[in-house]
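What follows is the content of input-v5.csv, which has CSV, C-alpha atoms and all ligand atoms:
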chain,number,residue,atom,x,y,z
A,215,MET,CA,0.0,0.0,0.0
A,216,ASN,CA,1.2,3.5,-0.8
A,217,TYR,CA,1.0,5.2,2.6
A,218,ASP,CA,2.0,8.6,1.3
A,219,LYS,CA,-0.9,8.5,-1.2
A,220,LEU,CA,-3.2,7.3,1.5
A,221,SER,CA,-2.1,10.1,3.9
A,222,LYS,CA,-2.9,12.7,1.1
A,223,GLU,CA,-6.3,11.2,0.6
A,224,VAL,CA,-7.0,11.2,4.3
A,225,ALA,CA,-5.9,14.9,4.4
A,226,TYR,CA,-8.7,15.7,2.0
A,227,ALA,CA,-11.2,13.7,4.0
A,228,LEU,CA,-10.2,15.0,7.5
A,229,ARG,CA,-8.9,18.5,6.7
A,230,HIS,CA,-10.3,19.9,3.5
A,231,SER,CA,-13.4,18.2,2.0
A,232,PRO,CA,-15.1,15.9,4.5
A,233,GLU,CA,-18.4,16.4,2.6
A,234,ASP,CA,-16.9,14.8,-0.5
A,235,TYR,CA,-16.4,11.7,1.7
A,236,GLU,CA,-19.9,12.0,3.3
A,237,LEU,CA,-18.2,12.7,6.6
A,238,GLU,CA,-19.0,15.2,9.3
A,239,LEU,CA,-16.2,16.3,11.6
A,240,ASP,CA,-17.2,16.9,15.2
A,241,ALA,CA,-16.1,20.2,16.9
A,242,ASN,CA,-12.6,18.8,17.6
A,243,GLY,CA,-12.2,17.3,14.1
A,244,TRP,CA,-13.0,13.7,15.0
A,245,VAL,CA,-14.8,11.1,12.9
A,246,LEU,CA,-15.5,7.5,13.4
A,247,VAL,CA,-12.7,5.3,11.9
A,248,ASP,CA,-15.4,3.0,10.5
A,249,LYS,CA,-17.1,5.9,8.6
A,250,LEU,CA,-13.8,6.9,7.1
A,251,LEU,CA,-13.0,3.3,6.1
A,252,GLU,CA,-16.4,2.9,4.6
A,253,SER,CA,-16.0,6.0,2.5
A,254,LEU,CA,-12.5,5.2,1.4
A,255,ARG,CA,-13.5,1.7,0.3
A,256,ARG,CA,-15.9,3.2,-2.2
A,257,SER,CA,-12.9,4.1,-4.3
A,258,ASP,CA,-11.2,1.2,-6.2
A,259,LYS,CA,-7.8,2.3,-4.9
A,260,TRP,CA,-8.8,1.7,-1.3
A,261,SER,CA,-11.4,-1.0,-1.6
A,262,ARG,CA,-9.7,-3.3,0.8
A,263,ILE,CA,-8.5,-0.8,3.3
A,264,GLU,CA,-8.6,-1.8,7.0
A,265,ILE,CA,-7.9,0.1,10.3
A,266,ASN,CA,-4.4,-1.4,10.4
A,267,ASP,CA,-3.5,0.4,7.2
A,268,LEU,CA,-4.5,3.7,8.8
A,269,LYS,CA,-2.4,2.8,11.8
A,270,LYS,CA,0.6,1.9,9.6
A,271,MET,CA,0.2,5.1,7.7
A,272,ILE,CA,0.4,7.0,11.0
A,273,GLU,CA,3.3,5.0,12.2
A,274,LYS,CA,5.4,5.2,9.0
A,275,SER,CA,4.9,9.0,8.5
A,276,GLU,CA,7.8,11.3,9.2
A,277,LYS,CA,5.2,13.8,10.3
A,278,LYS,CA,2.7,13.4,13.1
A,279,ARG,CA,-0.5,14.3,11.2
A,280,TYR,CA,-3.3,12.1,12.5
A,281,GLU,CA,-4.2,10.2,15.6
A,282,ILE,CA,-6.6,7.4,16.3
A,283,VAL,CA,-8.1,7.2,19.8
A,284,ASP,CA,-10.6,4.4,20.6
A,285,ASP,CA,-12.9,4.3,17.5
A,286,LYS,CA,-12.2,7.8,16.2
A,287,ILE,CA,-9.6,9.5,14.0
A,288,ARG,CA,-8.7,13.1,13.5
A,289,ALA,CA,-6.1,15.4,11.9
A,290,PHE,CA,-4.0,17.3,14.5
A,291,TYR,CA,-3.8,20.5,12.3
A,292,GLY,CA,-4.1,21.8,8.7
A,293,HIS,CA,-7.9,22.2,8.4
A,294,SER,CA,-9.4,24.5,5.8
A,295,ILE,CA,-13.1,23.7,6.1
A,296,PRO,CA,-15.4,26.6,7.0
A,297,MET,CA,-16.4,25.2,10.5
A,298,LYS,CA,-13.5,26.2,12.7
A,299,ILE,CA,-12.0,23.2,14.5
A,300,GLN,CA,-11.8,23.9,18.3
A,301,LYS,CA,-8.2,23.5,19.6
A,302,LYS,CA,-7.1,23.6,23.1
A,303,GLU,CA,-5.9,27.1,24.1
A,304,MET,CA,-2.6,26.8,26.0
A,305,LYS,CA,0.4,28.8,27.1
A,306,PRO,CA,3.1,28.3,24.4
A,307,PRO,CA,6.8,27.8,24.8
A,308,SER,CA,8.6,31.2,24.9
A,309,THR,CA,9.9,30.9,21.4
A,310,LEU,CA,8.3,29.2,18.3
A,311,TYR,CA,9.4,29.1,14.7
A,312,HIS,CA,7.7,29.4,11.3
A,313,GLY,CA,9.5,28.2,8.1
A,314,THR,CA,8.4,29.9,5.0
A,315,SER,CA,9.4,31.0,1.5
A,316,ARG,CA,11.7,34.1,1.3
A,317,ARG,CA,9.4,35.7,-1.2
A,318,PHE,CA,6.7,36.0,1.5
A,319,LEU,CA,9.0,37.8,4.0
A,320,GLU,CA,8.2,41.4,3.0
A,321,SER,CA,4.5,40.8,3.2
A,322,ILE,CA,4.8,38.9,6.5
A,323,MET,CA,6.9,41.7,8.1
A,324,LYS,CA,4.2,44.2,7.0
A,325,ASN,CA,1.0,42.2,7.7
A,326,GLY,CA,2.1,39.6,10.3
A,327,LEU,CA,1.4,35.9,9.9
A,328,VAL,CA,-2.1,35.1,8.7
A,329,PRO,CA,-3.7,31.7,8.2
A,330,LYS,CA,-4.3,32.1,4.4
A,331,THR,CA,-6.4,29.1,3.3
A,332,ARG,CA,-6.2,27.2,6.6
A,333,GLN,CA,-7.9,27.9,9.9
A,334,TYR,CA,-4.8,28.7,11.9
A,335,VAL,CA,-1.2,29.9,11.5
A,336,HIS,CA,1.1,26.9,12.0
A,337,LEU,CA,4.2,27.2,14.2
A,338,SER,CA,6.9,24.8,15.1
A,339,GLU,CA,8.6,24.1,18.4
A,340,ASP,CA,11.9,23.5,16.8
A,341,ILE,CA,13.9,25.0,14.0
A,342,HIS,CA,14.4,21.7,12.2
A,343,THR,CA,10.6,21.2,11.7
A,344,ALA,CA,10.3,24.8,10.6
A,345,ILE,CA,12.9,24.3,7.9
A,346,LEU,CA,11.0,21.2,6.7
A,347,VAL,CA,7.8,23.2,6.5
A,348,GLY,CA,9.5,26.0,4.6
A,349,LYS,CA,11.2,23.6,2.2
A,350,ARG,CA,7.8,22.7,0.7
A,351,ARG,CA,7.9,26.0,-1.0
A,352,ASP,CA,11.5,27.2,-1.1
A,353,THR,CA,14.7,25.2,-1.5
A,354,ASP,CA,16.4,27.8,0.8
A,355,PRO,CA,13.5,28.8,3.2
A,356,ILE,CA,13.6,31.4,5.8
A,357,VAL,CA,12.9,30.6,9.5
A,358,LEU,CA,11.1,33.3,11.4
A,359,LYS,CA,11.4,33.5,15.1
A,360,ILE,CA,8.2,34.1,17.0
A,361,ASN,CA,8.4,35.8,20.4
A,362,SER,CA,5.5,33.7,21.7
A,363,GLU,CA,6.1,34.7,25.3
A,364,ASP,CA,5.5,38.4,24.6
A,365,ALA,CA,2.7,37.7,22.1
A,366,TYR,CA,0.9,35.5,24.7
A,367,LYS,CA,1.4,38.2,27.4
A,368,ASN,CA,-0.1,40.7,24.9
A,369,GLY,CA,-3.3,38.6,24.4
A,370,VAL,CA,-2.4,36.5,21.3
A,371,LYS,CA,-4.0,33.1,21.7
A,372,PHE,CA,-2.1,29.9,21.1
A,373,TYR,CA,-3.5,26.5,20.6
A,374,PHE,CA,-1.8,23.1,21.1
A,375,ALA,CA,-1.9,20.8,18.0
A,376,HIS,CA,0.8,18.3,19.3
A,377,GLU,CA,4.2,18.6,21.0
A,378,MET,CA,5.9,19.9,17.8
A,379,ILE,CA,3.2,22.0,16.2
A,380,TRP,CA,1.4,25.0,17.7
A,381,LEU,CA,-1.4,27.0,16.2
A,382,ALA,CA,-2.5,30.7,16.4
A,383,ASP,CA,-5.2,32.8,14.8
A,384,ALA,CA,-2.6,35.3,13.6
A,385,ILE,CA,0.7,36.6,14.7
A,386,PRO,CA,1.2,40.4,14.6
A,387,TYR,CA,4.5,41.5,13.0
A,388,ASP,CA,5.8,43.0,16.3
A,389,PHE,CA,6.4,39.5,17.6
A,390,ILE,CA,8.2,38.2,14.5
A,391,SER,CA,11.9,38.4,13.8
A,392,HIS,CA,14.4,36.8,11.4
A,401,LIG,C1,2.4,32.3,4.3
A,401,LIG,C2,2.0,21.2,6.3
A,401,LIG,C3,2.5,36.4,2.8
A,401,LIG,C4,3.0,31.3,5.3
A,401,LIG,C5,3.2,21.9,6.9
A,401,LIG,C6,2.9,30.0,4.5
A,401,LIG,C7,2.7,22.6,8.1
A,401,LIG,C8,2.1,34.7,4.3
A,401,LIG,C9,1.7,30.2,3.6
A,401,LIG,C10,1.3,22.8,7.8
A,401,LIG,C11,1.5,35.7,5.2
A,401,LIG,C12,0.5,29.4,4.1
A,401,LIG,C13,1.0,24.3,7.5
A,401,LIG,C14,1.5,37.0,4.8
A,401,LIG,C15,1.4,33.7,6.2
A,401,LIG,N1,2.0,37.3,3.6
A,401,LIG,N2,2.5,35.1,3.1
A,401,LIG,N3,1.1,38.0,5.6
A,401,LIG,N4,1.1,35.0,6.3
A,401,LIG,N5,2.0,33.5,4.9
A,401,LIG,O1,0.4,25.6,3.8
A,401,LIG,O2,2.6,26.9,7.7
A,401,LIG,O3,2.5,18.2,5.4
A,401,LIG,O4,-1.3,27.1,4.8
A,401,LIG,O5,4.3,31.6,5.7
A,401,LIG,O6,4.3,21.1,7.1
A,401,LIG,O7,3.3,26.4,5.3
A,401,LIG,O8,0.2,19.1,5.2
A,401,LIG,O9,0.9,26.9,6.0
A,401,LIG,O10,4.0,29.8,3.7
A,401,LIG,O11,2.8,21.8,9.3
A,401,LIG,O12,0.9,17.7,7.2
A,401,LIG,O13,1.3,31.6,3.7
A,401,LIG,O14,1.0,22.1,6.6
A,401,LIG,O15,1.8,20.0,6.9
A,401,LIG,O16,0.7,28.0,3.8
A,401,LIG,O17,2.0,24.8,6.6
A,401,LIG,P1,0.1,26.8,4.5
A,401,LIG,P2,2.3,26.3,6.4
A,401,LIG,P3,1.4,18.7,6.2

Give the structure from the file, written as structure tokens.
Amino acid sequence: MNYDKLSKEVAYALRHSPEDYELELDANGWVLVDKLLESLRRSDKWSRIEINDLKKMIEKSEKKRYEIVDDKIRAFYGHSIPMKIQKKEMKPPSTLYHGTSRRFLESIMKNGLVPKTRQYVHLSEDIHTAILVGKRRDTDPIVLKINSEDAYKNGVKFYFAHEMIWLADAIPYDFISH
């Protein structure tokens, strides 16, 4: 089984277009694993898919994108559907990082970080993860440093996705340096 392809398909189902899969995410982004399997099986590509394939997909991925708990599965981050997925508000580490394309720098330093097509701005706990995120768009990405301690003190809300990825509604430019 091609787990990368499966992961991309699951991203459409759990982050971007659940309605195309006849799925309805709950407020925290969960759906029943059985419902997802049922929907995936309608396509020839995944006609024999089982829960163990989803578990292997999660296990083999270099990135922590999904979790299965009991009979449910969800994406930790990355949603673009209109209904905003509720994330747990939490005090962030004092510094976070955001890897991005150099060509966005001017606009980011003028407008701050905004979520664009997704529901939240995505921030990384470590520089290495930020570089990987930035490399999706630029072979030589820039890593922005977010003064999350000051941002938090000034009322910017942060949300926990998982131990490497934090989310925010937006980050004003005063808390961004490079
Ligand atoms: C940029 C992937 C101009 C921002 C990744 C980013 C991550 C601005 C792009 C996760 C801007 C949005 C999310 C402004 C933000 N002016 N550009 N004011 N504000 N931007 O894909 O953070 O593999 O929505 O810098 O690895 O790149 O799918 O966000 O470049 O974890 O699991 O607008 O998605 O994970 O791009 O990536 P995205 P992201 P997966």

Nearest-residue call for ligand LIG 401 (chain A), choices A:Lys367, A:His392, A:Arg262, A:Lys277, using only C-alpha atoms and all ligand atoms |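 Nearest candidate to ligand LIG 401 (chain A) out of A:Lys367, A:His392, A:Arg262, A:Lys277: A:Lys277.
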
Straight-line distance linking CA of Ala365 in chain A with CA of Phe389 in chain A, stated in Å to one decimal = 6.1 Å

Range 274-358 of chain A residues near range 222-236 of chain A within 9 Å, closest pair each, using all atoms listed in the file, as JSON lines:
{"residue": "A:Arg279", "atom": "CA", "partner": "A:Ala225", "partner_atom": "CA", "distance": 8.7}
{"residue": "A:Tyr280", "atom": "CA", "partner": "A:Ala225", "partner_atom": "CA", "distance": 9.0}
{"residue": "A:Ile287", "atom": "CA", "partner": "A:Leu228", "partner_atom": "CA", "distance": 8.5}
{"residue": "A:Arg288", "atom": "CA", "partner": "A:Leu228", "partner_atom": "CA", "distance": 6.5}
{"residue": "A:Ala289", "atom": "CA", "partner": "A:Leu228", "partner_atom": "CA", "distance": 6.0}
{"residue": "A:Tyr291", "atom": "CA", "partner": "A:Arg229", "partner_atom": "CA", "distance": 7.8}
{"residue": "A:Gly292", "atom": "CA", "partner": "A:Arg229", "partner_atom": "CA", "distance": 6.2}
{"residue": "A:His293", "atom": "CA", "partner": "A:Arg229", "partner_atom": "CA", "distance": 4.2}
{"residue": "A:Ser294", "atom": "CA", "partner": "A:His230", "partner_atom": "CA", "distance": 5.2}
{"residue": "A:Ile295", "atom": "CA", "partner": "A:His230", "partner_atom": "CA", "distance": 5.4}
{"residue": "A:Arg332", "atom": "CA", "partner": "A:His230", "partner_atom": "CA", "distance": 8.9}

Top pick for closest residue to ligand LIG 401 (chain A), considering A:Asp352, A:Asp240, A:Asp258, A:Asp364 and counting only C-alpha atoms and all ligand atoms =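 Once distances to ligand LIG 401 (chain A) are computed over only C-alpha atoms and all ligand atoms, the minimum belongs to A:Asp352.
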
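The spacing separating CA of Ile272 in chain A from atom O8 of ligand LIG 401 (chain A) amounts to 13.4 Å.
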
Do you know which residues are at most 10 Å from Gln333 in chain A counting all atoms listed in the file, after dropping those on the same chain fewer than 2 positions away, and could you put them as a list in words?
-> Arg229, Tyr291, Gly292, His293, Ser294, Ile295, Pro296, Met297, Lys298, Ile299, Val328, Pro329, Lys330, Thr331, Val335, His336, Leu381, Ala382, Asp383 and Ala384 of chain A

State, in Å with one decimal place, the distance from atom C1 of ligand LIG 401 (chain A) to CA of Leu327 in chain A.
->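 We find that atom C1 of ligand LIG 401 (chain A) and CA of Leu327 in chain A lie 6.7 Å from each other.
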
So which one's closest to Asn325 in chain A, A:Ile385, A:Met215, A:Leu268, A:Ala241? Using all atoms listed in the file, please.
->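 Looking at the shortest contact to Asn325 in chain A, the residue is A:Ile385.
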
Hey, which of A:Lys219, A:Arg350, A:Lys324, A:Lys249 ends up closest to Met271 in chain A? Count only C-alpha atoms.
->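 Using only C-alpha atoms, the shortest distance to Met271 in chain A belongs to A:Lys219.
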
For Ala375 in chain A, which residue among A:Ile390, A:Ile263, A:Leu319, A:Met304 is the nearest when counting all atoms listed in the file?
-> A:Met304

Got a sec: who's within 12 Å of Ile345 in chain A, counting only C-alpha atoms, leaving out chain neighbours fewer than 5 positions off, as number ranges by chain?
-> A: 311-316, 337-340, 350-359

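Proximity of A:Phe318, A:Trp260, A:Tyr217, A:Tyr334 to Tyr373 in chain A, computed with only C-alpha atoms, is greatest for A:Tyr334.
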
Report, as AutoDock Vina command-line options, the axis-aligned box around all atoms of range 346-355 of chain A present in the file, extended by 6 Å on each side; give centre and edge lengths in Å to one decimal place.
--center_x 12.1 --center_y 25.0 --center_z 2.6 --size_x 20.6 --size_y 19.6 --size_z 20.2

Which protein, DNA or RNA residues have an atom at most 8 Å from (-13.4, 1.5, 15.1), counting all atoms listed in the file? List them as an MDAnalysis selection string.
-> chainID A and resid 246:248 265 284:286

Can you write just those residues out, C-alpha atoms, as a PDB file, in the frame of the given file?
ATOM      1  CA  LEU A 246     -15.500   7.500  13.400  1.00  0.00           C
ATOM      2  CA  VAL A 247     -12.700   5.300  11.900  1.00  0.00           C
ATOM      3  CA  ASP A 248     -15.400   3.000  10.500  1.00  0.00           C
ATOM      4  CA  ILE A 265      -7.900   0.100  10.300  1.00  0.00           C
ATOM      5  CA  ASP A 284     -10.600   4.400  20.600  1.00  0.00           C
ATOM      6  CA  ASP A 285     -12.900   4.300  17.500  1.00  0.00           C
ATOM      7  CA  LYS A 286     -12.200   7.800  16.200  1.00  0.00           C
TER       8      LYS A 286
END
